[in-house]
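Trainee: Please read through the structure below; I'll follow up with questions.
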Amino acid sequence: MKQSRVAPKRTLLTSALLLALSQPLYAQQTTNTTNTSEAGQRSATVDEDARTLDTVVVQGIRGSLTSSMNLKRDSQGVVDGIVAEDIGKFPDTNLAESLQRISGVSIDRSLGEGARVTVRGIGPDYNMVMLNGRQMPASSNGNGAGVSNSRAFDFANLASEAISSVEVYKTSRASIPPGGIGATINIRTARPLESEPVINVGMKAVHDTSNGNLPDSLQGHDITPEISGIFSQRYFDGTFGVALTGSYQERDFGFSQVGVPNGWRPFRGDENNWGTIPQPGTPGSENITNRPGPTDIYSVPQNLNYSVNGVQRQRTNGQLTLQWAPADNVTTTLDYTYSENKIQQQRNELSVWFNFGPSVSSWTDGPVAAPLIYKEIINPANSDVSMGGMRLANVNENKSLGFNVDWEISDALDLSLDYHNSSAETRPDSPWGSAGVLGMSAFVRGDTTADFTRDFPVVTIALPPGVSQVEPSQALVSGSVFNNAYNKSEIEQTQVKGRFEFGEYSGLDFGASYTDVENRTAFGFMQRDTWGGVGTAADYDDSIFTPDNMGEYFESFSGHNAPAFTDRFLLFDFDRLRARAAELTGHPEWYRAPEAFTRDLRTEEKSTGGYMQYTTTFNWSMPLNLAAGVRYEKTEVTSSALVPTATGISWSAANELNLNFGEPGFATLRGEYDYWLPNLDASLDITDSIILRGSYSQTIGRPGWADIQGGRTLDQIVRVDGGTGTQGDPSLKPLVSDNFDLSFEWYFAESSYVSVGYFRKDIENYIGTSQIIDVGGSDGETPFNLHTPVGGGYWNAALANGCPQADVVCIRNYILGNFNGQPGVTRTGTDANGNATGTINGLSSDPLASFRITTPANKQDSTLDGWEFNVQHVFGETGFGVAANYTIVDSPDLNYDNAVLGGQFALVGLSDSANLVLFYEKYDWSVRTAYNWRDQFLSAVFDGSGIPNPNYVDDYGQLDISIGYQINDQMSVQFEGINITDETVRVFGRNERQTLFATQNGPRYMLGFRYQF
C-alpha cells in the first residue's frame, strides 16, 4: 500500500535504516512506519536501491534507537515505540517493563514486575491494547479475592522475546478501534514474508535474590531456566513463509510485606462512633497525646499484618504464522498466538486485629492526622495472636486466532480483510480453589502497641505472666476462607479496511468493523468465622508448626530488628493443618472452595463502527502533511448478574455479623451509546530536521465490568456499624476525552534528536464512585430489609446492665448468657478465652441494618495536561550514547482531598515520570544502564476497610543494567540485573504515617546466551 504521508526527502534513508536493522532473536520488519496504524495493510516495499546502501547499516542498541526515532519522526500524529532490538537489549522481564522507558508511560508492578501501564496519567483500564491491529481481551481475578472490574491488559503474561515491535499511539486516528484515552498500544509480531530468514535459540539462568530471603518452606529454586527461539523461513520463491516463535520461563521468587490490609477507619475529631478515640472529659481521654482537633480528620488502623510470600511462576509463549502470496498483489496471513502464565503463591503471616477497646495513642498534627503510637489495652492477655497462611494458584491463558487478506486491486486502490477470535481466561489452578486462607491463632495477646513512626511499623505484644513467646502448643485453627474466582473475556472482531490514492500526495482511508466482546467474571467462597478456635490447642500436633522470627525477612527496612518488635510467629504445614481442621469439624467441605459461584457477572458488548480519513501533503517551501478523519461507533450493552438474596443477619463473632443468603438469581439490565469521534493531525516540515506537529482527536473509555453489572450485591461480612455492598449500571456512559497535542521535534544529528510536547485532555463523564447509605424501609431502595441485633432489645438490655457501648464482647456475652433459648439466640458453649459462643439473629423488632452501597456514577467533567521532554544523542563513533525523557502530568481538580470523607472524584494513576538510559556499544561489547522513576501517585480510592480511602504509592526509582558480548557471528552472551539497588515499595493512606503496604522484593540477575544458526 502506498504511503498516506509523503516525506520525499527522508523516505529512502528511513527505509534503508529500517531494513538494515537486525538483532539476535529475529530480523526486523521492513515496515514503513507511516502505515503501521493500518492493521492488516501491506507494508510498503522498500526500494531495491535502498537494499544496497551499506553506509547506513546500523545494528544493536544504536540501531534500535534510530528505528524508534524514525517511527516517531515519520508517523501521523504523536507515536512512540520500541523495536525488537530495543526490547531484547533492555534488562526487562516483560513488555510492561520495556514500555516504561517511553516518555509518558508508567507501570503498575505486581509480584515484583511490571503488569499494567498508565499513559499520560490515564490508568490501565483506559488504554487500548492491540495485537497486530486487533483489539485484545484481558482477564484478571483479583488474585482470587473477588470479581474483577478491570479491562486492563496484563503484560506480565507476555514475554518480550516473541515481539518484533510495540507502537504507542498517543493521539488517536479514525482507523483505530476506540477504547484508549491515554493511548492505544499495538503489539506487532514478526511476519515471515516481511523478515529475513532466521533460526536461533537462547537460554538464560535466572537468580532471584528474593527467593533466598524466605523461610525454607516457602523457597523455590535458586536458579531457574528461560529458553526462547525463533524459526522463520521462506519457500516457493518467497511466496510462502513460516514463522514459529516460542519461549518458556520459570521464576521462583518472593517478597515480604507489612501493612494494614484491612484498612484505616477515618473519623472527624468530634465524632463519637465505634472505633473513635474518647472525647475530651470521658474515660480514657487522658491517654491521648496531641489529640486531633474537632474538625481534623484522623484514622485508626483495623489491623497490623506481616507476611512472607513465596511465588513460583511458569510462563509459556508461542506463535505460529503462515503467510502465502498467491499473486504479486495478494498476501494472506494466518496466525495463532498462545500464552500461559501459571502462578503459585504460598504465604505465612503474623497479625493482630484491633477491636477498638480502651487505648493509648499519640498523633501527628492535623488537619489530617495519623497515629504515631496506637496501643490497645487488653487485660487479661487472652486475645489472639493470628498467624494465617495462604495458598494461591491461578493460571492465565490467552489465545488468539487471526486471518488477514491484503489485496492491492490497483495502483490506486488497496483493500484488506481481517478477522480474529481471541480469548483471555484466568481460572483456579489448585484443588482448593484460586486462593485458600487458614487463620491460626494463639490466645496469648495482651496490650498491643503499633509504632507507626517509621516506614516499617513495629508491633509490641504483651504476653501473659510466665509466657515468654508464642509456642506451637498454644496454636489452633480459627477462621478460614477458600475462594473460587474466574474471569474470561472473548472478542470476535471483523475489520474491513481500504485506501484509495488520488495521486502522489493524497488518499482516502476507509473501513468498517464489528466487534463482539463477551466478559464473565465470577466468584464463590466458603468462609468459616470460627475465631474462637476449632477444637483446642491440644488437638493439634506440635510438629505441624515451625517457630520463626518475622524481622529476619525485612532487612531492607530500618526497624526490622527493633528490640520492641514482637516478631515471633509460627509457620505451618498448610495441607496438614487444613486436613486436621476438617477432621475436627467433620466437615471437609468447609475447607475447600465451593464449585458454585455466589457472584457471577456476564456482560456482552456489541459494537459496530465505520470510519473515513483523508490524507494529503502540500509540498510548499515547508511541506505540510494533513490527516482528517472521523469514526462512528455504536455499542449495545447487555449485563446479567447473579444476585445473592440476603434473608437475615446472624451475629457469630465479637465484632462481625454475617448475612444469611437464600437462592440467588440473575438480574439483567441493558444500555447503549453511540459517538462520532473526529481526528485531525498536521505536521509541518520546517526544515529537513525540524518538525512542528499538532493533533486533535476525540476518544472514549468504556466503564469497568463490575461498574455495569446488572444488580446489587451485599458483602457477607457486616460490621457492628453496618454492612457494605456494590451495585452497577449498564447505562453508564463511557468517558469522552477531547485530546489536544502540540510538539516540536529537532533531529539534529544521526540517531539523535530532542523533542518537546504539550498535551491536554478534557474528560467528560468521568466514572467515579459514590457511596449511599441504605437502611431499608418501604421506599424499596434496599430490597432485603434486613434487621440487625445491634441496637435491638437484647443489645439495649446489655447496655442497661453495665456493658459499655463500645465493648461488643461484653454485650455479646451478656446476650448469650442471659437470653439463650429466647427467639433468635442460641448459645453453643464457651471458647478458650471464656467468651460465650453461639449465634444471635436479628429479629423483626430490631432496627433495620444500614449498608454503605458503593455505586459508580458519571461525575463532573475535568481536565488534565502535561509536558513530555525527550533527548537522545549518540556521541559520534565513540560508542557512547544517552536517551532520557521526563513527563509532567497535572490536573487542577482530579486529585484526592485527604481532608474530605466519603467518595470522591479523583483520577487513579496521575503522576510524573522520568527515564535515563546510558549505553556503550563498540568492539562487540554492549552495555546499558537504565534508571526509571515514577513520582507518588493515587492507586485506588478504597482500602481494605471497604470505606472510601486513598491509596498512594510512594515515589519509586529502579536501576537496571545489561551487559552483552558478541563472541562471534553466531554466539552472544548477556548478563542482566534488575533492581540492583534493592528498592522497596510503599503504599500509604491519607497521611504518610498511615502505612497500607510496605514491600521488600530484591534484585534479580540473569546470565544467558543466544546462538544463531
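Ordering of the C-alpha cells sets the chain letters (A, B, ...), residue numbers begin anew at 1 in every chain, and ligands are numbered from 1 in the order given.
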Give me the residues within 12 Å of A:Asn820 as a list in words, counting only C-alpha atoms and dropping any in the same chain fewer than 2 places off.
Mentor: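 Listed by chain and then number, they are Tyr794, Arg812, Asn813, Tyr814, Ile815, Leu816, Gly817, Asn818, Gln822, Pro823, Gly824, Val825, Thr826, Arg827, Thr828, Gly829, Ala836, Thr837, Gly838, Thr839, Ile840 and Asn841 of chain A.
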Trainee: So that I can see what lies close to A:Phe554, please list as a list in words the residues with an atom at most 12 Å from it, counting only C-alpha atoms and leaving out residues fewer than 5 positions away in the same chain.
Mentor: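 Using only C-alpha atoms, the neighbours found are Ser210, Asn213, Leu214, Gly254, Phe255, Ser256, Gln257, Val258, Tyr306, Ser307, Val308, Asn309, Asp455, Phe456, Pro457, Val458, Asn549, Gly559, His560, Asn561, Ala562, Asp567, Asp982, Thr984, Ala998, Thr999, Gln1000, Asn1001 and Gly1002 of chain A.
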Trainee: Could you write out that same residue set with N, CA and C atoms as a CSV table (one decimal), in the first residue's frame?
Mentor:
chain,number,residue,atom,x,y,z
A,210,SER,N,15.4,-12.5,46.0
A,210,SER,CA,14.3,-12.6,47.0
A,210,SER,C,13.9,-14.0,47.4
A,213,ASN,N,15.5,-14.9,50.6
A,213,ASN,CA,15.1,-14.1,51.8
A,213,ASN,C,13.7,-14.6,52.2
A,214,LEU,N,13.6,-15.9,52.3
A,214,LEU,CA,12.3,-16.5,52.6
A,214,LEU,C,12.6,-17.7,53.6
A,254,GLY,N,10.2,-14.2,45.8
A,254,GLY,CA,9.4,-14.0,47.0
A,254,GLY,C,9.3,-12.5,47.3
A,255,PHE,N,8.5,-12.2,48.3
A,255,PHE,CA,8.5,-10.8,48.8
A,255,PHE,C,8.0,-10.9,50.3
A,256,SER,N,8.4,-9.9,51.0
A,256,SER,CA,8.0,-9.7,52.4
A,256,SER,C,7.2,-8.4,52.5
A,257,GLN,N,6.1,-8.4,53.2
A,257,GLN,CA,5.2,-7.3,53.2
A,257,GLN,C,4.6,-7.0,54.6
A,258,VAL,N,4.6,-5.7,55.0
A,258,VAL,CA,4.0,-5.3,56.2
A,258,VAL,C,3.0,-4.3,55.9
A,306,TYR,N,2.0,-8.8,59.0
A,306,TYR,CA,3.3,-9.0,58.4
A,306,TYR,C,3.2,-10.4,57.7
A,307,SER,N,3.8,-10.4,56.5
A,307,SER,CA,3.7,-11.7,55.7
A,307,SER,C,5.0,-11.9,55.0
A,308,VAL,N,5.3,-13.2,54.8
A,308,VAL,CA,6.4,-13.7,53.9
A,308,VAL,C,5.7,-14.5,52.8
A,309,ASN,N,6.1,-14.3,51.6
A,309,ASN,CA,5.5,-14.9,50.4
A,309,ASN,C,6.4,-15.5,49.5
A,455,ASP,N,8.7,4.1,58.4
A,455,ASP,CA,8.1,3.4,57.2
A,455,ASP,C,7.8,2.0,57.5
A,456,PHE,N,8.5,1.4,58.4
A,456,PHE,CA,8.3,0.0,58.8
A,456,PHE,C,7.6,0.0,60.2
A,457,PRO,N,6.3,-0.3,60.2
A,457,PRO,CA,5.6,-0.3,61.5
A,457,PRO,C,6.1,-1.5,62.4
A,458,VAL,N,6.1,-1.2,63.7
A,458,VAL,CA,6.6,-2.2,64.6
A,458,VAL,C,5.5,-2.5,65.7
A,549,ASN,N,11.1,-16.0,63.2
A,549,ASN,CA,11.1,-14.6,63.6
A,549,ASN,C,10.9,-13.8,62.3
A,559,GLY,N,14.3,-0.7,61.3
A,559,GLY,CA,13.4,-1.0,62.3
A,559,GLY,C,13.0,-2.5,62.3
A,560,HIS,N,13.5,-3.2,61.3
A,560,HIS,CA,13.1,-4.7,61.3
A,560,HIS,C,13.6,-5.4,62.5
A,561,ASN,N,14.7,-4.9,63.0
A,561,ASN,CA,15.4,-5.6,64.2
A,561,ASN,C,15.2,-4.8,65.5
A,562,ALA,N,14.2,-4.0,65.6
A,562,ALA,CA,14.0,-3.2,66.8
A,562,ALA,C,13.7,-4.1,68.0
A,567,ASP,N,8.3,-10.3,67.1
A,567,ASP,CA,8.2,-10.9,65.8
A,567,ASP,C,8.1,-12.4,65.7
A,982,ASP,N,18.1,-2.7,45.1
A,982,ASP,CA,17.2,-3.3,46.1
A,982,ASP,C,16.2,-2.3,46.6
A,984,THR,N,12.5,-0.7,47.6
A,984,THR,CA,11.3,-1.2,48.3
A,984,THR,C,10.1,-0.3,47.8
A,998,ALA,N,4.1,-2.0,52.9
A,998,ALA,CA,5.5,-1.8,52.6
A,998,ALA,C,6.1,-3.1,52.2
A,999,THR,N,6.7,-3.1,51.0
A,999,THR,CA,7.0,-4.4,50.4
A,999,THR,C,8.5,-4.4,50.0
A,1000,GLN,N,9.2,-5.5,50.4
A,1000,GLN,CA,10.6,-5.8,50.1
A,1000,GLN,C,10.6,-6.9,49.0
A,1001,ASN,N,11.2,-6.6,47.9
A,1001,ASN,CA,11.3,-7.6,46.8
A,1001,ASN,C,12.8,-8.1,46.7
A,1002,GLY,N,13.6,-7.4,46.1
A,1002,GLY,CA,15.0,-7.8,45.9
A,1002,GLY,C,15.5,-7.8,44.5
Trainee: Sort by chain and increasing residue number a table of all residues of stretch 77-177 of chain A within 10 Å of stretch 726-746 of chain A, each with its closest pair of atoms and their distance in Å to one decimal, counting only C-alpha atoms, and write it as a Markdown table.
Mentor:
| residue | atom | partner | partner_atom | distance |
| --- | --- | --- | --- | --- |
| A:Gly77 | CA | A:Asp741 | CA | 8.5 |
| A:Val78 | CA | A:Asp741 | CA | 7.8 |
| A:Tyr126 | CA | A:Leu735 | CA | 8.9 |
| A:Lys170 | CA | A:Asp741 | CA | 9.0 |
| A:Thr171 | CA | A:Asn739 | CA | 7.5 |
| A:Ser172 | CA | A:Asn739 | CA | 8.6 |
Trainee: Suppose we keep C-alpha atoms; can you now write the selection as an mmCIF file, in the first residue's frame?
Mentor:
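Output (again.cif):
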data_model
loop_
_atom_site.group_PDB
_atom_site.id
_atom_site.type_symbol
_atom_site.label_atom_id
_atom_site.label_comp_id
_atom_site.auth_asym_id
_atom_site.auth_seq_id
_atom_site.Cartn_x
_atom_site.Cartn_y
_atom_site.Cartn_z
ATOM 1 C CA GLY A 77 0.210 12.183 14.980
ATOM 2 C CA VAL A 78 2.242 11.519 18.112
ATOM 3 C CA TYR A 126 -8.446 3.279 29.689
ATOM 4 C CA LYS A 170 -0.676 8.807 21.968
ATOM 5 C CA THR A 171 -3.018 10.550 19.548
ATOM 6 C CA SER A 172 -5.932 8.684 18.062
#
Trainee: Check the smallest atom-to-atom distance from each of A:Ala579, A:Ala593, A:Val908, A:Ala412 to A:Asp429 using only C-alpha atoms, then report the winner.
Mentor: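 Result for the nearest residue to A:Asp429: A:Ala593.
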Trainee: Which residues, written as a PyMOL selection string, have at least one atom at most 6 Å from stretch 961-969 of chain A, with only C-alpha atoms counted and residues fewer than 3 positions away on the same chain left out?
Mentor: chain A and resi 91+924-929+972-977
Trainee: Go ahead and save the picked residues with N, CA and C atoms, as a PDB file, in the first residue's frame.
Mentor:
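After the write, result-v2.pdb holds the following:
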ATOM      1  N   PRO A  91      17.029  -4.702  30.031  1.00  0.00           N
ATOM      2  CA  PRO A  91      17.012  -5.781  31.032  1.00  0.00           C
ATOM      3  C   PRO A  91      15.629  -5.919  31.634  1.00  0.00           C
ATOM      4  N   ASP A 924      32.227  -5.301  19.895  1.00  0.00           N
ATOM      5  CA  ASP A 924      31.464  -6.487  20.304  1.00  0.00           C
ATOM      6  C   ASP A 924      30.878  -6.385  21.712  1.00  0.00           C
ATOM      7  N   TRP A 925      31.085  -5.255  22.407  1.00  0.00           N
ATOM      8  CA  TRP A 925      30.514  -5.064  23.734  1.00  0.00           C
ATOM      9  C   TRP A 925      29.254  -4.202  23.657  1.00  0.00           C
ATOM     10  N   SER A 926      28.310  -4.524  24.477  1.00  0.00           N
ATOM     11  CA  SER A 926      27.068  -3.750  24.544  1.00  0.00           C
ATOM     12  C   SER A 926      26.689  -3.606  26.024  1.00  0.00           C
ATOM     13  N   VAL A 927      26.724  -2.374  26.522  1.00  0.00           N
ATOM     14  CA  VAL A 927      26.452  -2.112  27.935  1.00  0.00           C
ATOM     15  C   VAL A 927      25.362  -1.042  28.030  1.00  0.00           C
ATOM     16  N   ARG A 928      24.367  -1.318  28.841  1.00  0.00           N
ATOM     17  CA  ARG A 928      23.282  -0.355  29.019  1.00  0.00           C
ATOM     18  C   ARG A 928      22.880  -0.308  30.488  1.00  0.00           C
ATOM     19  N   THR A 929      22.753   0.888  31.027  1.00  0.00           N
ATOM     20  CA  THR A 929      22.159   1.092  32.347  1.00  0.00           C
ATOM     21  C   THR A 929      20.900   1.918  32.159  1.00  0.00           C
ATOM     22  N   SER A 972      26.304 -15.032  21.169  1.00  0.00           N
ATOM     23  CA  SER A 972      26.400 -13.857  22.036  1.00  0.00           C
ATOM     24  C   SER A 972      26.035 -14.270  23.451  1.00  0.00           C
ATOM     25  N   VAL A 973      26.564 -13.540  24.417  1.00  0.00           N
ATOM     26  CA  VAL A 973      26.288 -13.801  25.827  1.00  0.00           C
ATOM     27  C   VAL A 973      25.857 -12.487  26.486  1.00  0.00           C
ATOM     28  N   GLN A 974      24.960 -12.587  27.476  1.00  0.00           N
ATOM     29  CA  GLN A 974      24.431 -11.370  28.086  1.00  0.00           C
ATOM     30  C   GLN A 974      24.185 -11.580  29.575  1.00  0.00           C
ATOM     31  N   PHE A 975      24.524 -10.551  30.353  1.00  0.00           N
ATOM     32  CA  PHE A 975      24.234 -10.513  31.785  1.00  0.00           C
ATOM     33  C   PHE A 975      23.265  -9.369  32.041  1.00  0.00           C
ATOM     34  N   GLU A 976      22.260  -9.612  32.876  1.00  0.00           N
ATOM     35  CA  GLU A 976      21.257  -8.591  33.187  1.00  0.00           C
ATOM     36  C   GLU A 976      21.028  -8.530  34.691  1.00  0.00           C
ATOM     37  N   GLY A 977      20.790  -7.330  35.184  1.00  0.00           N
ATOM     38  CA  GLY A 977      20.458  -7.130  36.591  1.00  0.00           C
ATOM     39  C   GLY A 977      19.239  -6.236  36.714  1.00  0.00           C
TER      40      GLY A 977
END
Trainee: Please build the interface table for stretch 129-241 of chain A against stretch 416-428 of chain A with a cut-off of 6 Å, listing for each qualifying residue the nearest atom pair and the distance in Å to one decimal; count only C-alpha atoms, order rows by chain and increasing number, and write it as CSV.
Mentor:
residue,atom,partner,partner_atom,distance
A:Pro137,CA,A:Ala424,CA,5.7
A:Ala138,CA,A:Ala424,CA,5.5
A:Ser139,CA,A:Ala424,CA,5.5
A:Ser140,CA,A:Thr426,CA,5.9
Trainee: For N, CA and C atoms, I'd like the residues from the last selection saved as a CSV table (one decimal), in the first residue's frame.
Mentor:
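Final file, result.csv:
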chain,number,residue,atom,x,y,z
A,137,PRO,N,-8.5,-9.1,24.3
A,137,PRO,CA,-9.2,-9.3,25.6
A,137,PRO,C,-8.2,-9.3,26.7
A,138,ALA,N,-8.8,-9.0,27.9
A,138,ALA,CA,-7.9,-9.1,29.1
A,138,ALA,C,-8.7,-9.8,30.2
A,139,SER,N,-8.0,-10.5,31.1
A,139,SER,CA,-8.7,-11.1,32.2
A,139,SER,C,-7.8,-11.0,33.5
A,140,SER,N,-8.5,-11.0,34.6
A,140,SER,CA,-7.9,-10.9,35.9
A,140,SER,C,-8.9,-11.4,36.9
Trainee: Excluding A:Gly114 and any residue of its chain fewer than 4 positions from it, enumerate the residues within 7 Å of it, using only C-alpha atoms, and give them as a PDB file with N, CA and C atoms, in the first residue's frame.
Mentor:
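Wrote it out as out.pdb, contents follow:
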ATOM      1  N   ALA A  96       5.681  -4.693  29.695  1.00  0.00           N
ATOM      2  CA  ALA A  96       5.413  -3.536  30.543  1.00  0.00           C
ATOM      3  C   ALA A  96       6.710  -2.894  31.003  1.00  0.00           C
ATOM      4  N   GLU A  97       7.684  -3.728  31.383  1.00  0.00           N
ATOM      5  CA  GLU A  97       8.971  -3.202  31.813  1.00  0.00           C
ATOM      6  C   GLU A  97       9.648  -2.446  30.670  1.00  0.00           C
ATOM      7  N   ILE A 107       4.240   2.273  34.854  1.00  0.00           N
ATOM      8  CA  ILE A 107       3.721   0.924  35.055  1.00  0.00           C
ATOM      9  C   ILE A 107       3.291   0.722  36.495  1.00  0.00           C
ATOM     10  N   ASP A 108       2.318  -0.163  36.670  1.00  0.00           N
ATOM     11  CA  ASP A 108       1.956  -0.689  37.972  1.00  0.00           C
ATOM     12  C   ASP A 108       2.635  -2.047  38.112  1.00  0.00           C
ATOM     13  N   ARG A 109       3.292  -2.260  39.249  1.00  0.00           N
ATOM     14  CA  ARG A 109       4.000  -3.514  39.464  1.00  0.00           C
ATOM     15  C   ARG A 109       3.158  -4.480  40.274  1.00  0.00           C
ATOM     16  N   SER A 110       3.241  -5.741  39.918  1.00  0.00           N
ATOM     17  CA  SER A 110       2.573  -6.803  40.649  1.00  0.00           C
ATOM     18  C   SER A 110       3.547  -7.972  40.773  1.00  0.00           C
ATOM     19  N   ALA A 156       2.318  -8.905  32.064  1.00  0.00           N
ATOM     20  CA  ALA A 156       3.134  -9.959  32.666  1.00  0.00           C
ATOM     21  C   ALA A 156       2.900 -11.299  32.002  1.00  0.00           C
TER      22      ALA A 156
END
Trainee: Within 12 Å of stretch 349-367 of chain A, which residues of stretch 414-493 of chain A come that close, and what is the closest atom pair and distance in Å for each? Count only C-alpha atoms and give it as JSON lines.
Mentor:
{"residue": "A:Val437", "atom": "CA", "partner": "A:Glu349", "partner_atom": "CA", "distance": 10.6}
{"residue": "A:Leu438", "atom": "CA", "partner": "A:Glu349", "partner_atom": "CA", "distance": 10.2}
{"residue": "A:Gly439", "atom": "CA", "partner": "A:Glu349", "partner_atom": "CA", "distance": 9.1}
{"residue": "A:Met440", "atom": "CA", "partner": "A:Glu349", "partner_atom": "CA", "distance": 9.4}
{"residue": "A:Ser441", "atom": "CA", "partner": "A:Leu350", "partner_atom": "CA", "distance": 9.5}
{"residue": "A:Ala442", "atom": "CA", "partner": "A:Leu350", "partner_atom": "CA", "distance": 10.9}
{"residue": "A:Phe443", "atom": "CA", "partner": "A:Val352", "partner_atom": "CA", "distance": 11.1}
{"residue": "A:Val444", "atom": "CA", "partner": "A:Val352", "partner_atom": "CA", "distance": 11.4}
{"residue": "A:Arg445", "atom": "CA", "partner": "A:Val352", "partner_atom": "CA", "distance": 8.7}
{"residue": "A:Gly446", "atom": "CA", "partner": "A:Val352", "partner_atom": "CA", "distance": 10.7}
{"residue": "A:Asp447", "atom": "CA", "partner": "A:Ser359", "partner_atom": "CA", "distance": 9.1}
{"residue": "A:Thr448", "atom": "CA", "partner": "A:Val352", "partner_atom": "CA", "distance": 8.1}
{"residue": "A:Thr449", "atom": "CA", "partner": "A:Val360", "partner_atom": "CA", "distance": 8.7}
{"residue": "A:Ala450", "atom": "CA", "partner": "A:Ser361", "partner_atom": "CA", "distance": 9.5}
{"residue": "A:Asp451", "atom": "CA", "partner": "A:Ser361", "partner_atom": "CA", "distance": 9.9}
{"residue": "A:Phe452", "atom": "CA", "partner": "A:Trp363", "partner_atom": "CA", "distance": 10.0}
{"residue": "A:Thr453", "atom": "CA", "partner": "A:Thr364", "partner_atom": "CA", "distance": 9.5}
{"residue": "A:Pro457", "atom": "CA", "partner": "A:Ser351", "partner_atom": "CA", "distance": 12.0}
{"residue": "A:Val458", "atom": "CA", "partner": "A:Ser351", "partner_atom": "CA", "distance": 11.3}
{"residue": "A:Val459", "atom": "CA", "partner": "A:Val352", "partner_atom": "CA", "distance": 8.6}
{"residue": "A:Thr460", "atom": "CA", "partner": "A:Val352", "partner_atom": "CA", "distance": 10.2}
{"residue": "A:Ile461", "atom": "CA", "partner": "A:Val352", "partner_atom": "CA", "distance": 9.1}
{"residue": "A:Val470", "atom": "CA", "partner": "A:Leu350", "partner_atom": "CA", "distance": 11.2}
Trainee: Those same residues, written as a PDB file, in the first residue's frame with C-alpha atoms?
Mentor:
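Done, and the output landed in selection_5.pdb:
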ATOM      1  CA  VAL A 437      -6.656 -18.986  53.662  1.00  0.00           C
ATOM      2  CA  LEU A 438      -6.333 -20.596  57.083  1.00  0.00           C
ATOM      3  CA  GLY A 439      -6.401 -18.423  60.180  1.00  0.00           C
ATOM      4  CA  MET A 440      -4.404 -19.905  63.046  1.00  0.00           C
ATOM      5  CA  SER A 441      -4.245 -18.278  66.482  1.00  0.00           C
ATOM      6  CA  ALA A 442      -2.582 -18.412  69.886  1.00  0.00           C
ATOM      7  CA  PHE A 443      -4.722 -16.736  72.546  1.00  0.00           C
ATOM      8  CA  VAL A 444      -1.894 -15.114  74.494  1.00  0.00           C
ATOM      9  CA  ARG A 445      -2.114 -11.462  73.399  1.00  0.00           C
ATOM     10  CA  GLY A 446      -2.282  -8.686  75.919  1.00  0.00           C
ATOM     11  CA  ASP A 447      -1.654  -4.959  75.452  1.00  0.00           C
ATOM     12  CA  THR A 448      -0.793  -4.437  71.790  1.00  0.00           C
ATOM     13  CA  THR A 449       1.205  -1.430  70.600  1.00  0.00           C
ATOM     14  CA  ALA A 450       1.705  -0.405  66.971  1.00  0.00           C
ATOM     15  CA  ASP A 451       4.521   2.051  66.287  1.00  0.00           C
ATOM     16  CA  PHE A 452       3.963   3.930  63.007  1.00  0.00           C
ATOM     17  CA  THR A 453       6.744   6.487  63.437  1.00  0.00           C
ATOM     18  CA  PRO A 457       5.564  -0.312  61.526  1.00  0.00           C
ATOM     19  CA  VAL A 458       6.613  -2.222  64.635  1.00  0.00           C
ATOM     20  CA  VAL A 459       4.202  -4.187  66.838  1.00  0.00           C
ATOM     21  CA  THR A 460       4.830  -4.912  70.518  1.00  0.00           C
ATOM     22  CA  ILE A 461       2.687  -7.559  72.222  1.00  0.00           C
ATOM     23  CA  VAL A 470       4.377 -17.948  71.263  1.00  0.00           C
TER      24      VAL A 470
END
